[in-house]
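The next block is data.cif, given as mmCIF, C-alpha atoms.
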```cif
data_structure
#
loop_
_atom_site.label_atom_id
_atom_site.label_comp_id
_atom_site.auth_asym_id
_atom_site.auth_seq_id
_atom_site.Cartn_x
_atom_site.Cartn_y
_atom_site.Cartn_z
CA MET A 1 126.53 111.72 113.03
CA GLN A 2 123.13 110.22 112.47
CA SER A 3 123.70 107.28 114.77
CA ASN A 4 124.01 109.55 117.81
CA GLU A 5 120.64 111.17 117.23
CA LYS A 6 117.31 110.19 118.70
CA LYS A 7 115.33 107.40 117.06
CA VAL A 8 113.57 108.58 113.92
CA PRO A 9 109.81 107.91 114.05
CA ASP A 10 108.48 105.32 111.61
CA VAL A 11 106.24 107.84 109.83
CA VAL A 12 109.29 109.98 109.06
CA VAL A 13 111.27 106.98 107.82
CA LYS A 14 108.39 106.04 105.55
CA ARG A 15 108.41 109.53 104.03
CA LEU A 16 112.11 109.43 103.11
CA PRO A 17 111.68 107.31 99.96
CA ARG A 18 109.07 109.78 98.77
CA TYR A 19 111.49 112.70 99.19
CA TYR A 20 114.10 110.66 97.38
CA ARG A 21 111.71 110.02 94.50
CA TYR A 22 110.75 113.67 94.05
CA LEU A 23 114.34 114.91 94.33
CA ARG A 24 115.48 112.42 91.74
CA GLU A 25 112.76 113.67 89.43
CA LEU A 26 113.94 117.28 89.98
CA LEU A 27 117.53 116.31 89.22
CA ASN A 28 116.39 114.55 86.03
CA GLN A 29 114.80 117.85 85.04
CA ASP A 30 118.15 119.53 85.74
CA ILE A 31 116.77 121.59 88.62
CA LYS A 32 119.68 122.36 90.94
CA ARG A 33 118.10 124.19 93.86
CA ILE A 34 114.63 124.18 95.45
CA SER A 35 113.08 126.13 98.31
CA SER A 36 111.23 124.25 101.00
CA ASN A 37 108.09 126.11 99.88
CA ALA A 38 108.38 124.86 96.30
CA LEU A 39 109.14 121.34 97.50
CA SER A 40 106.14 121.62 99.81
CA LYS A 41 103.78 122.63 97.00
CA MET A 42 105.02 119.86 94.73
CA MET A 43 104.78 117.13 97.36
CA LYS A 44 101.58 118.39 98.99
CA VAL A 45 103.00 118.44 102.52
CA THR A 46 103.59 121.60 104.56
CA ALA A 47 106.99 123.31 104.46
CA SER A 48 107.16 123.02 108.24
CA GLN A 49 106.63 119.25 107.96
CA ILE A 50 109.55 119.04 105.54
CA ARG A 51 111.81 121.07 107.83
CA GLN A 52 110.77 118.95 110.82
CA ASP A 53 111.48 115.73 108.91
CA PHE A 54 114.88 116.95 107.72
CA ASN A 55 115.84 118.12 111.21
CA PHE A 56 115.99 114.48 112.31
CA PHE A 57 119.03 114.22 110.06
CA GLY A 58 120.67 117.54 110.81
CA GLY A 59 118.64 119.83 108.52
CA PHE A 60 120.45 119.70 105.11
CA GLY A 61 121.41 123.24 104.16
CA GLN A 62 120.29 126.82 104.45
CA GLN A 63 116.65 127.74 104.29
CA GLY A 64 117.10 131.19 102.72
CA TYR A 65 118.90 129.72 99.73
CA GLY A 66 116.73 126.62 99.49
CA TYR A 67 118.12 123.11 99.23
CA ASN A 68 120.80 121.93 96.85
CA VAL A 69 118.91 119.14 95.05
CA GLU A 70 121.86 116.89 94.25
CA TYR A 71 123.33 117.19 97.73
CA LEU A 72 119.97 116.49 99.36
CA LEU A 73 119.33 113.51 97.08
CA ASN A 74 122.71 112.02 97.94
CA GLU A 75 122.27 112.61 101.66
CA ILE A 76 118.83 110.98 101.71
CA GLY A 77 120.10 108.15 99.51
CA ASP A 78 122.92 107.65 101.98
CA ILE A 79 120.53 107.62 104.95
CA LEU A 80 118.42 105.03 103.12
CA GLY A 81 121.51 102.88 102.51
CA LEU A 82 121.19 103.18 98.73
CA ASN A 83 124.88 103.92 98.30
CA ASP A 84 125.96 100.76 100.11
CA GLY A 85 125.43 98.40 97.17
CA GLU A 86 122.97 96.13 98.94
CA THR A 87 122.37 92.69 97.52
CA MET A 88 119.10 90.80 97.48
CA ILE A 89 117.64 87.44 96.62
CA ILE A 90 114.10 86.49 95.62
CA VAL A 91 112.66 83.43 97.33
CA GLY A 92 109.87 81.86 95.29
CA ALA A 93 109.94 82.00 91.48
CA GLY A 94 106.18 81.96 90.94
CA ASN A 95 104.31 84.70 89.08
CA LEU A 96 105.02 87.38 91.66
CA GLY A 97 108.67 86.36 92.12
CA ARG A 98 109.19 86.49 88.37
CA ALA A 99 107.52 89.88 88.09
CA LEU A 100 109.71 91.26 90.89
CA ALA A 101 112.85 89.79 89.28
CA ASN A 102 111.96 91.84 86.20
CA HIS A 103 111.10 94.97 88.21
CA ASN A 104 113.94 97.21 87.10
CA SER A 105 113.25 100.04 89.53
CA PHE A 106 114.96 98.02 92.28
CA ALA A 107 118.25 98.05 90.36
CA LYS A 108 117.85 101.77 89.70
CA ARG A 109 117.79 102.35 93.46
CA GLY A 110 121.08 100.51 93.92
CA PHE A 111 119.85 97.05 94.91
CA THR A 112 121.46 94.15 93.08
CA LEU A 113 119.52 90.93 92.60
CA VAL A 114 122.06 88.15 93.02
CA GLY A 115 119.93 85.02 93.18
CA ILE A 116 116.46 83.52 92.79
CA PHE A 117 115.43 80.42 94.73
CA ASP A 118 112.66 77.89 94.31
CA ASN A 119 111.94 74.31 95.32
CA ASP A 120 110.45 73.29 91.97
CA ASN A 121 113.00 71.19 90.07
CA ARG A 122 111.31 72.01 86.78
CA ILE A 123 112.44 75.64 87.00
CA VAL A 124 115.68 75.29 89.01
CA GLY A 125 118.51 75.94 86.53
CA SER A 126 116.45 78.23 84.30
CA THR A 127 117.14 81.97 84.22
CA ILE A 128 114.87 84.94 84.91
CA ASN A 129 116.09 88.37 83.78
CA GLY A 130 119.56 86.86 83.47
CA ILE A 131 119.62 85.42 87.00
CA ARG A 132 119.84 81.66 87.55
CA VAL A 133 117.10 79.99 89.60
CA MET A 134 118.72 77.86 92.33
CA SER A 135 117.32 75.11 94.52
CA ASP A 136 116.30 76.51 97.87
CA SER A 137 117.94 73.56 99.63
CA GLU A 138 121.21 75.55 99.47
CA ILE A 139 119.75 78.85 100.62
CA GLU A 140 121.28 79.19 104.13
CA ASN A 141 124.80 78.59 102.79
CA TYR A 142 124.27 80.89 99.85
CA ILE A 143 123.25 83.76 102.15
CA LYS A 144 126.25 83.17 104.40
CA GLU A 145 128.83 82.79 101.65
CA ASN A 146 127.58 85.75 99.65
CA ASN A 147 126.71 87.98 102.59
CA VAL A 148 123.25 88.68 101.15
CA ASP A 149 121.48 91.70 102.67
CA ILE A 150 117.81 91.39 101.78
CA ALA A 151 115.42 88.57 100.87
CA ILE A 152 112.21 89.19 98.97
CA LEU A 153 109.88 86.45 100.15
CA THR A 154 107.01 85.49 97.82
CA LEU A 155 106.20 81.99 99.07
CA PRO A 156 102.62 81.06 99.95
CA HIS A 157 101.40 81.33 103.55
CA ALA A 158 102.05 77.68 104.41
CA ALA A 159 105.73 77.71 103.43
CA ALA A 160 106.64 81.26 104.45
CA HIS A 161 107.17 80.76 108.14
CA GLU A 162 109.67 77.90 107.89
CA MET A 163 111.56 79.66 105.10
CA ALA A 164 111.80 82.84 107.19
CA GLN A 165 113.49 80.82 109.95
CA ARG A 166 115.98 79.45 107.44
CA LEU A 167 116.70 82.92 106.03
CA ALA A 168 117.36 84.13 109.57
CA LYS A 169 119.65 81.17 110.21
CA GLY A 170 121.60 82.04 107.07
CA GLY A 171 122.11 85.55 108.41
CA ILE A 172 119.73 87.57 106.26
CA LYS A 173 119.59 91.25 107.36
CA GLY A 174 116.05 92.13 106.30
CA ILE A 175 112.97 90.68 104.57
CA LEU A 176 110.53 92.26 102.13
CA ASN A 177 107.61 89.97 102.83
CA PHE A 178 104.97 89.41 100.13
CA SER A 179 103.64 86.23 101.70
CA TYR A 180 100.31 86.50 103.44
CA SER A 181 101.84 85.63 106.83
CA GLU A 182 103.27 87.80 109.53
CA LEU A 183 106.68 86.32 110.18
CA ASP A 184 107.78 85.56 113.68
CA LEU A 185 111.49 86.39 113.75
CA PRO A 186 113.91 87.97 116.24
CA ASP A 187 113.45 91.76 116.45
CA ASP A 188 116.88 92.44 115.00
CA ILE A 189 115.75 91.31 111.56
CA PRO A 190 113.55 94.07 110.12
CA ILE A 191 110.58 92.90 108.06
CA GLU A 192 108.63 95.10 105.69
CA ASN A 193 105.25 93.51 104.94
CA VAL A 194 103.64 94.03 101.56
CA HIS A 195 100.18 92.61 102.06
CA LEU A 196 98.61 93.29 98.66
CA SER A 197 95.14 92.12 99.72
CA ASP A 198 95.26 94.46 102.72
CA MET A 199 95.93 97.37 100.41
CA LEU A 200 93.03 96.38 98.18
CA MET A 201 90.76 96.14 101.25
CA THR A 202 91.87 99.58 102.47
CA LEU A 203 91.07 100.99 99.03
CA SER A 204 87.72 99.23 99.10
CA TYR A 205 86.90 100.90 102.42
CA ARG A 206 87.77 104.30 101.04
CA VAL A 207 85.72 103.69 97.87
CA LYS A 208 82.73 102.62 99.93
CA ASN A 209 82.93 105.57 102.31
CA GLN A 210 83.65 108.00 99.51
CA SER A 211 80.38 107.17 97.80
CA LYS A 212 78.53 107.38 101.10
CA THR A 213 79.81 110.90 101.61
CA GLU A 214 78.67 111.85 98.13
CA ASN A 215 75.17 110.56 98.73
CA GLU A 216 74.85 112.50 101.94
CA GLU A 217 75.86 115.87 100.60
CA MET B 1 74.74 103.72 111.19
CA GLN B 2 78.40 104.02 110.36
CA SER B 3 77.91 106.86 107.92
CA ASN B 4 76.74 109.19 110.68
CA GLU B 5 79.85 108.69 112.77
CA LYS B 6 82.95 110.85 112.81
CA LYS B 7 85.61 110.27 110.19
CA VAL B 8 87.73 107.21 110.98
CA PRO B 9 91.46 108.06 111.10
CA ASP B 10 93.60 106.58 108.32
CA VAL B 11 95.72 104.57 110.74
CA VAL B 12 92.60 102.83 112.04
CA VAL B 13 91.35 102.13 108.51
CA LYS B 14 94.71 100.62 107.65
CA ARG B 15 94.47 98.27 110.63
CA LEU B 16 91.05 96.89 109.63
CA PRO B 17 92.39 94.47 106.97
CA ARG B 18 94.79 93.07 109.57
CA TYR B 19 91.93 92.39 111.99
CA TYR B 20 90.06 90.80 109.13
CA ARG B 21 93.02 88.57 108.32
CA TYR B 22 93.48 87.35 111.89
CA LEU B 23 89.77 86.77 112.45
CA ARG B 24 89.52 84.76 109.27
CA GLU B 25 92.43 82.65 110.46
CA LEU B 26 90.65 82.05 113.80
CA LEU B 27 87.46 81.06 112.03
CA ASN B 28 89.43 78.65 109.84
CA GLN B 29 90.67 77.06 113.06
CA ASP B 30 87.04 76.80 114.21
CA ILE B 31 87.54 79.24 117.10
CA LYS B 32 84.17 80.83 117.80
CA ARG B 33 84.89 83.38 120.49
CA ILE B 34 87.94 85.41 121.52
CA SER B 35 88.61 87.88 124.32
CA SER B 36 90.17 91.22 123.48
CA ASN B 37 93.16 90.14 125.61
CA ALA B 38 93.72 86.98 123.57
CA LEU B 39 93.28 88.91 120.31
CA SER B 40 95.71 91.50 121.66
CA LYS B 41 98.38 88.90 122.42
CA MET B 42 98.03 87.26 119.03
CA MET B 43 98.16 90.51 117.08
CA LYS B 44 100.76 92.21 119.28
CA VAL B 45 98.70 95.35 119.84
CA THR B 46 97.28 96.42 123.21
CA ALA B 47 93.76 95.38 124.17
CA SER B 48 92.90 99.04 124.74
CA GLN B 49 94.03 99.83 121.17
CA ILE B 50 91.70 97.13 119.86
CA ARG B 51 88.78 98.48 121.89
CA GLN B 52 89.51 102.02 120.73
CA ASP B 53 89.66 100.92 117.10
CA PHE B 54 86.42 98.96 117.34
CA ASN B 55 84.66 101.86 119.07
CA PHE B 56 84.81 103.82 115.82
CA PHE B 57 82.34 101.28 114.48
CA GLY B 58 80.12 100.88 117.51
CA GLY B 59 82.19 98.42 119.55
CA PHE B 60 81.13 94.94 118.34
CA GLY B 61 79.86 92.96 121.31
CA GLN B 62 80.41 92.51 125.02
CA GLN B 63 83.84 92.66 126.56
CA GLY B 64 83.17 90.20 129.39
CA TYR B 65 82.21 87.47 126.96
CA GLY B 66 84.80 88.37 124.35
CA TYR B 67 83.99 88.80 120.69
CA ASN B 68 82.01 86.42 118.52
CA VAL B 69 84.58 85.68 115.80
CA GLU B 70 82.21 85.05 112.91
CA TYR B 71 80.06 88.07 113.72
CA LEU B 72 83.11 90.32 114.06
CA LEU B 73 84.60 88.99 110.80
CA ASN B 74 81.36 89.69 108.94
CA GLU B 75 81.02 93.17 110.44
CA ILE B 76 84.57 94.15 109.54
CA GLY B 77 84.18 92.57 106.10
CA ASP B 78 81.05 94.64 105.65
CA ILE B 79 82.80 97.85 106.73
CA LEU B 80 85.57 97.09 104.23
CA GLY B 81 83.02 96.58 101.46
CA LEU B 82 83.98 92.94 100.96
CA ASN B 83 80.38 91.79 100.88
CA ASP B 84 79.46 94.17 98.06
CA GLY B 85 80.87 92.02 95.25
CA GLU B 86 83.26 94.65 93.94
CA THR B 87 84.61 94.26 90.43
CA MET B 88 88.08 95.19 89.25
CA ILE B 89 90.16 95.45 86.11
CA ILE B 90 93.92 95.25 85.65
CA VAL B 91 95.44 97.88 83.38
CA GLY B 92 98.77 96.74 81.96
CA ALA B 93 99.41 93.05 81.22
CA GLY B 94 103.17 93.11 81.78
CA ASN B 95 104.94 90.92 84.33
CA LEU B 96 103.35 92.58 87.33
CA GLY B 97 99.88 92.75 85.77
CA ARG B 98 100.07 89.05 84.96
CA ALA B 99 101.24 88.18 88.46
CA LEU B 100 98.37 90.17 89.99
CA ALA B 101 95.85 88.54 87.62
CA ASN B 102 97.00 85.22 89.07
CA HIS B 103 97.00 86.46 92.66
CA ASN B 104 94.12 84.43 94.02
CA SER B 105 93.91 86.15 97.41
CA PHE B 106 92.02 89.02 95.77
CA ALA B 107 89.19 86.69 94.74
CA LYS B 108 89.14 85.15 98.23
CA ARG B 109 88.41 88.62 99.64
CA GLY B 110 85.39 89.03 97.36
CA PHE B 111 86.93 91.04 94.51
CA THR B 112 86.13 89.78 91.02
CA LEU B 113 88.58 90.42 88.21
CA VAL B 114 86.44 91.15 85.14
CA GLY B 115 88.95 92.41 82.59
CA ILE B 116 92.61 92.95 81.73
CA PHE B 117 93.69 95.75 79.39
CA ASP B 118 96.83 96.41 77.42
CA ASN B 119 97.87 98.40 74.35
CA ASP B 120 100.11 95.68 72.91
CA ASN B 121 98.32 94.01 69.99
CA ARG B 122 100.46 90.90 70.37
CA ILE B 123 98.78 90.03 73.66
CA VAL B 124 95.31 91.55 73.16
CA GLY B 125 92.94 88.61 72.69
CA SER B 126 95.02 86.17 74.76
CA THR B 127 93.82 85.06 78.18
CA ILE B 128 95.46 85.29 81.61
CA ASN B 129 93.99 83.16 84.39
CA GLY B 130 90.89 82.72 82.23
CA ILE B 131 90.36 86.46 81.64
CA ARG B 132 90.61 87.90 78.13
CA VAL B 133 93.11 90.71 77.51
CA MET B 134 91.33 93.61 75.78
CA SER B 135 92.67 96.61 73.92
CA ASP B 136 92.82 99.64 76.19
CA SER B 137 91.33 101.81 73.46
CA GLU B 138 87.89 100.69 74.71
CA ILE B 139 88.60 101.14 78.40
CA GLU B 140 86.41 104.17 79.23
CA ASN B 141 83.33 102.53 77.69
CA TYR B 142 84.07 99.21 79.32
CA ILE B 143 84.20 100.83 82.78
CA LYS B 144 80.94 102.70 82.16
CA GLU B 145 79.01 99.77 80.69
CA ASN B 146 80.19 97.29 83.28
CA ASN B 147 80.15 99.66 86.25
CA VAL B 148 83.68 98.62 87.25
CA ASP B 149 84.64 99.58 90.80
CA ILE B 150 88.42 99.35 91.01
CA ALA B 151 91.33 99.55 88.57
CA ILE B 152 94.73 98.04 89.34
CA LEU B 153 97.17 100.22 87.43
CA THR B 154 100.53 98.65 86.55
CA LEU B 155 101.61 100.87 83.64
CA PRO B 156 105.05 102.48 83.63
CA HIS B 157 105.51 106.03 84.93
CA ALA B 158 105.27 107.70 81.50
CA ALA B 159 101.87 106.19 80.61
CA ALA B 160 100.27 106.12 84.06
CA HIS B 161 99.11 109.72 84.33
CA GLU B 162 97.16 109.83 81.05
CA MET B 163 95.60 106.43 81.74
CA ALA B 164 94.50 107.58 85.20
CA GLN B 165 92.64 110.50 83.57
CA ARG B 166 90.90 108.06 81.22
CA LEU B 167 89.95 105.73 84.08
CA ALA B 168 88.46 108.71 85.93
CA LYS B 169 86.55 109.73 82.79
CA GLY B 170 85.12 106.22 82.54
CA GLY B 171 83.87 106.52 86.12
CA ILE B 172 86.28 104.30 88.02
CA LYS B 173 85.69 104.46 91.79
CA GLY B 174 89.18 103.74 93.07
CA ILE B 175 92.70 102.90 91.88
CA LEU B 176 95.30 100.53 93.31
CA ASN B 177 98.35 102.22 91.83
CA PHE B 178 101.49 100.17 91.20
CA SER B 179 102.97 102.67 88.77
CA TYR B 180 105.83 104.77 90.05
CA SER B 181 103.82 108.00 89.70
CA GLU B 182 101.61 109.82 92.11
CA LEU B 183 98.40 110.31 90.20
CA ASP B 184 96.76 113.69 90.04
CA LEU B 185 93.02 112.98 90.13
CA PRO B 186 89.97 114.59 91.75
CA ASP B 187 89.83 113.92 95.49
CA ASP B 188 86.66 111.85 95.17
CA ILE B 189 88.59 109.01 93.53
CA PRO B 190 90.59 107.26 96.26
CA ILE B 191 94.04 106.04 95.25
CA GLU B 192 96.07 103.50 97.17
CA ASN B 193 99.72 103.70 96.15
CA VAL B 194 101.84 100.55 96.18
CA HIS B 195 105.32 101.92 95.59
CA LEU B 196 107.39 98.73 95.77
CA SER B 197 110.72 100.55 95.56
CA ASP B 198 109.71 102.82 98.44
CA MET B 199 109.06 99.77 100.58
CA LEU B 200 112.43 98.30 99.68
CA MET B 201 114.10 101.63 100.58
CA THR B 202 112.29 101.76 103.93
CA LEU B 203 113.49 98.24 104.65
CA SER B 204 117.01 99.24 103.63
CA TYR B 205 116.93 102.14 106.12
CA ARG B 206 115.83 99.81 108.89
CA VAL B 207 118.51 97.23 108.00
CA LYS B 208 121.18 99.92 108.00
CA ASN B 209 120.11 101.43 111.30
CA GLN B 210 119.58 98.03 112.88
CA SER B 211 123.20 97.10 112.34
CA LYS B 212 124.32 100.50 113.62
CA THR B 213 122.45 99.90 116.85
CA GLU B 214 124.11 96.52 117.22
CA ASN B 215 127.59 97.96 116.72
CA GLU B 216 127.05 100.65 119.30
CA GLU B 217 125.86 98.41 122.09
#
```

Show me, as structure tokens, the structure contained in the file I just sent.
Amino acid sequence: MQSNEKKVPDVVVKRLPRYYRYLRELLNQDIKRISSNALSKMMKVTASQIRQDFNFFGGFGQQGYGYNVEYLLNEIGDILGLNDGETMIIVGAGNLGRALANHNSFAKRGFTLVGIFDNDNRIVGSTINGIRVMSDSEIENYIKENNVDIAILTLPHAAAHEMAQRLAKGGIKGILNFSYSELDLPDDIPIENVHLSDMLMTLSYRVKNQSKTENEE
Amino acid sequence: MQSNEKKVPDVVVKRLPRYYRYLRELLNQDIKRISSNALSKMMKVTASQIRQDFNFFGGFGQQGYGYNVEYLLNEIGDILGLNDGETMIIVGAGNLGRALANHNSFAKRGFTLVGIFDNDNRIVGSTINGIRVMSDSEIENYIKENNVDIAILTLPHAAAHEMAQRLAKGGIKGILNFSYSELDLPDDIPIENVHLSDMLMTLSYRVKNQSKTENEE
């Protein structure tokens, strides 16, 4: 199956969640079948791009008849590991950690938040969205005993690096990193960086160069 | 100057904030000069990649002597529009909006939060991180009168599209979009999407395929 195929390029992997999102929307609208041309128009990518992307995973169904939406959604969900019941913890119960604990779209995608950790004794023992905040002194054991898949790391720069080492020691399988550090971990622990300031700076560049273009024309 | 040069590819633009981040860190450590080789090692990209990237903006200084850190930081900051004193508003004072209002790294990059908007009368008039929450019924006028540059949109899917139209009408210059919608706006308003669930799904894919690789070897 998939595991025998060539490595899927990062850009293709990053497009999969977008396909998933659009297909889910179609299914919610009770649309059962869609041609690659219609999908192409809706998603503003070429039909050939879609076919190329899907070919990395064996193609998914006959072109002449279009794609079966539910089947395709399930296949892509499966490829993304959404049907595996992955568990996650949030490390850092500050403003961002709290907001993410209340971010219900994670649960909708099949990820279960099982614990929240912090080092502040004033909030340890309280609950956020029904989940108890635990002291992070127990975090390595917790990950091991509960076989936690993913950690969402929201600690500040100074504390992030040491915590990442501890998460790795506990056996974490992947980190969604909101801290403003790039973590230095073994390559077999995937890290997805969410550098919010970087995104704001990229937007700022595009705003600045957009207005330049306008002035020149 | 820059405006006369060819269009900079998106991948290069997206790397600029990362350069900015590393250079700022160097300056904080009082390092005044760095060779492209040393920068390359630190950032884990090839020196030739760095030179290629910088060549889009005229190169920045002599290779033999390395780069002047402060000069390079200022140049890249300037390219990113960080020295322009951009203003921003947050639309939606829910958990995520509140967390972002308290996210101090935005201010450190030169972005000033000038207003927070919500449609919930129970929180309109309260303050978050010293900024007053205003009713979003006045939002178009507020943007016009205050010449607001950027909106951070944290509304849910159902409300995001209509609000984006109103922001555009008010004259917003760019949107950092945390809502789970892709906004349909004129091309001259740049949008940077932060789809948190997509990032979690991408990580999930990499975790799943990481463990597959391990099992096969």

Produce a table with one row for each residue of chain B that has an atom at most 8 Å from any atom of chain A, each row naming the nearest atom pair and its distance in Å at one decimal; use only C-alpha atoms; arrange rows by chain and rising residue number; format as JSON lines.
```
{"residue": "B:Ser3", "atom": "CA", "partner": "A:Lys212", "partner_atom": "CA", "distance": 6.9}
{"residue": "B:Val13", "atom": "CA", "partner": "A:Thr202", "partner_atom": "CA", "distance": 6.6}
{"residue": "B:Lys14", "atom": "CA", "partner": "A:Thr202", "partner_atom": "CA", "distance": 6.0}
{"residue": "B:Leu16", "atom": "CA", "partner": "A:Thr202", "partner_atom": "CA", "distance": 7.7}
{"residue": "B:Pro17", "atom": "CA", "partner": "A:Asp198", "partner_atom": "CA", "distance": 5.1}
{"residue": "B:Arg18", "atom": "CA", "partner": "A:Asp198", "partner_atom": "CA", "distance": 7.0}
{"residue": "B:Ile79", "atom": "CA", "partner": "A:Tyr205", "partner_atom": "CA", "distance": 6.7}
{"residue": "B:Leu80", "atom": "CA", "partner": "A:Tyr205", "partner_atom": "CA", "distance": 4.4}
{"residue": "B:Gly81", "atom": "CA", "partner": "A:Tyr205", "partner_atom": "CA", "distance": 5.9}
{"residue": "B:Leu82", "atom": "CA", "partner": "A:Met201", "partner_atom": "CA", "distance": 7.5}
{"residue": "B:Asn95", "atom": "CA", "partner": "A:Ala99", "partner_atom": "CA", "distance": 4.7}
{"residue": "B:Leu96", "atom": "CA", "partner": "A:Ala99", "partner_atom": "CA", "distance": 5.0}
{"residue": "B:Arg98", "atom": "CA", "partner": "A:Asn95", "partner_atom": "CA", "distance": 7.3}
{"residue": "B:Ala99", "atom": "CA", "partner": "A:Asn95", "partner_atom": "CA", "distance": 4.7}
{"residue": "B:Leu100", "atom": "CA", "partner": "A:Leu96", "partner_atom": "CA", "distance": 7.4}
{"residue": "B:Asn102", "atom": "CA", "partner": "A:Asn95", "partner_atom": "CA", "distance": 7.3}
{"residue": "B:Ser105", "atom": "CA", "partner": "A:Ser197", "partner_atom": "CA", "distance": 6.5}
{"residue": "B:Phe106", "atom": "CA", "partner": "A:Ser197", "partner_atom": "CA", "distance": 5.9}
{"residue": "B:Arg109", "atom": "CA", "partner": "A:Ser197", "partner_atom": "CA", "distance": 7.6}
{"residue": "B:Lys173", "atom": "CA", "partner": "A:Val207", "partner_atom": "CA", "distance": 6.1}
{"residue": "B:Gly174", "atom": "CA", "partner": "A:Val207", "partner_atom": "CA", "distance": 5.9}
{"residue": "B:Ile175", "atom": "CA", "partner": "A:Leu203", "partner_atom": "CA", "distance": 7.6}
{"residue": "B:Leu176", "atom": "CA", "partner": "A:Leu200", "partner_atom": "CA", "distance": 6.8}
{"residue": "B:Asp188", "atom": "CA", "partner": "A:Gln210", "partner_atom": "CA", "distance": 6.5}
{"residue": "B:Ile189", "atom": "CA", "partner": "A:Val207", "partner_atom": "CA", "distance": 7.4}
{"residue": "B:Pro190", "atom": "CA", "partner": "A:Val207", "partner_atom": "CA", "distance": 6.2}
{"residue": "B:Ile191", "atom": "CA", "partner": "A:Leu203", "partner_atom": "CA", "distance": 7.0}
{"residue": "B:Glu192", "atom": "CA", "partner": "A:Leu203", "partner_atom": "CA", "distance": 5.9}
{"residue": "B:Val194", "atom": "CA", "partner": "A:Met199", "partner_atom": "CA", "distance": 7.9}
{"residue": "B:Ser197", "atom": "CA", "partner": "A:Phe106", "partner_atom": "CA", "distance": 5.9}
{"residue": "B:Asp198", "atom": "CA", "partner": "A:Pro17", "partner_atom": "CA", "distance": 5.1}
{"residue": "B:Met199", "atom": "CA", "partner": "A:Glu192", "partner_atom": "CA", "distance": 6.9}
{"residue": "B:Leu200", "atom": "CA", "partner": "A:Leu176", "partner_atom": "CA", "distance": 6.8}
{"residue": "B:Met201", "atom": "CA", "partner": "A:Leu80", "partner_atom": "CA", "distance": 6.1}
{"residue": "B:Thr202", "atom": "CA", "partner": "A:Lys14", "partner_atom": "CA", "distance": 6.0}
{"residue": "B:Leu203", "atom": "CA", "partner": "A:Glu192", "partner_atom": "CA", "distance": 5.9}
{"residue": "B:Ser204", "atom": "CA", "partner": "A:Gly81", "partner_atom": "CA", "distance": 5.9}
{"residue": "B:Tyr205", "atom": "CA", "partner": "A:Leu80", "partner_atom": "CA", "distance": 4.4}
{"residue": "B:Arg206", "atom": "CA", "partner": "A:Pro190", "partner_atom": "CA", "distance": 6.3}
{"residue": "B:Val207", "atom": "CA", "partner": "A:Gly174", "partner_atom": "CA", "distance": 5.9}
{"residue": "B:Lys208", "atom": "CA", "partner": "A:Gly81", "partner_atom": "CA", "distance": 6.2}
{"residue": "B:Asn209", "atom": "CA", "partner": "A:Ser3", "partner_atom": "CA", "distance": 7.7}
{"residue": "B:Gln210", "atom": "CA", "partner": "A:Asp188", "partner_atom": "CA", "distance": 6.6}
{"residue": "B:Lys212", "atom": "CA", "partner": "A:Ser3", "partner_atom": "CA", "distance": 6.9}
{"residue": "B:Thr213", "atom": "CA", "partner": "A:Ser3", "partner_atom": "CA", "distance": 7.8}
```

Original post:
Got a sec to resolve the PyMOL selection byres ((chain B and resi 68) around 7) on this structure and send the residues as a ChimeraX atom specification?
Top reply: /B:32-34,66-67,69-72

**OP:** Tell me, in Å to one decimal, how far atom CA of Leu153 of chain B is from atom CA of Ile116 of chain B.
**Re:** 10.3 Å

Original post:
What is the atom CA of Phe117 of chain A to atom CA of Val133 of chain A distance in Å?
Top reply: 5.4 Å

First collect every listed atom of segment 146-163 of chain B; then fit an axis-aligned box around them, widen it by 8 Å on each side, and give centre and edge lengths in Å to one decimal, as AutoDock Vina command-line options.
```
--center_x 92.8 --center_y 103.6 --center_z 85.8 --size_x 41.4 --size_y 28.5 --size_z 26.4
```

Subject >> Gap from atom CA of Gly171 of chain B to atom CA of Asn83 of chain B - Å, one decimal >> reply: 21.1 Å

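Comparing A:Ile76, A:Asn146, A:Val91, A:Phe56 by their smallest distance to Ala164 of chain A, the closest is A:Val91 (using only C-alpha atoms).
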
**OP:** May I have the residues within 6 Å of Ile89 of chain A as a PyMOL selection string, using only C-alpha atoms and disregarding those fewer than 2 positions away in the same chain?
**Re:** chain A and resi 113-116+151

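When the PyMOL selection byres ((chain B and resi 123) around 10) is evaluated against the file, it yields Ala93, Gly94, Phe117, Asp118, Asn119, Asp120, Asn121, Arg122, Val124, Gly125, Ser126, Thr127, Ile128, Arg132, Val133, Met134 and Ser135 of chain B.
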
Subject >> Non-local contacts of Lys144 of chain B (8 Å; all atoms listed in the file; under 4 positions in same chain excluded) as number ranges by chain >> reply: B: 140, 148, 170-171

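Within 10 Å of the file-frame point (114.9, 125.2, 99.4), and using all atoms listed in the file, the polymer residues found are A:Arg33, A:Ile34, A:Ser35, A:Ser36, A:Asn37, A:Ala38, A:Leu39, A:Ser40, A:Ala47, A:Arg51, A:Phe60, A:Gly61, A:Gln62, A:Gln63, A:Gly64, A:Tyr65, A:Gly66, A:Tyr67, A:Asn68, A:Val69.
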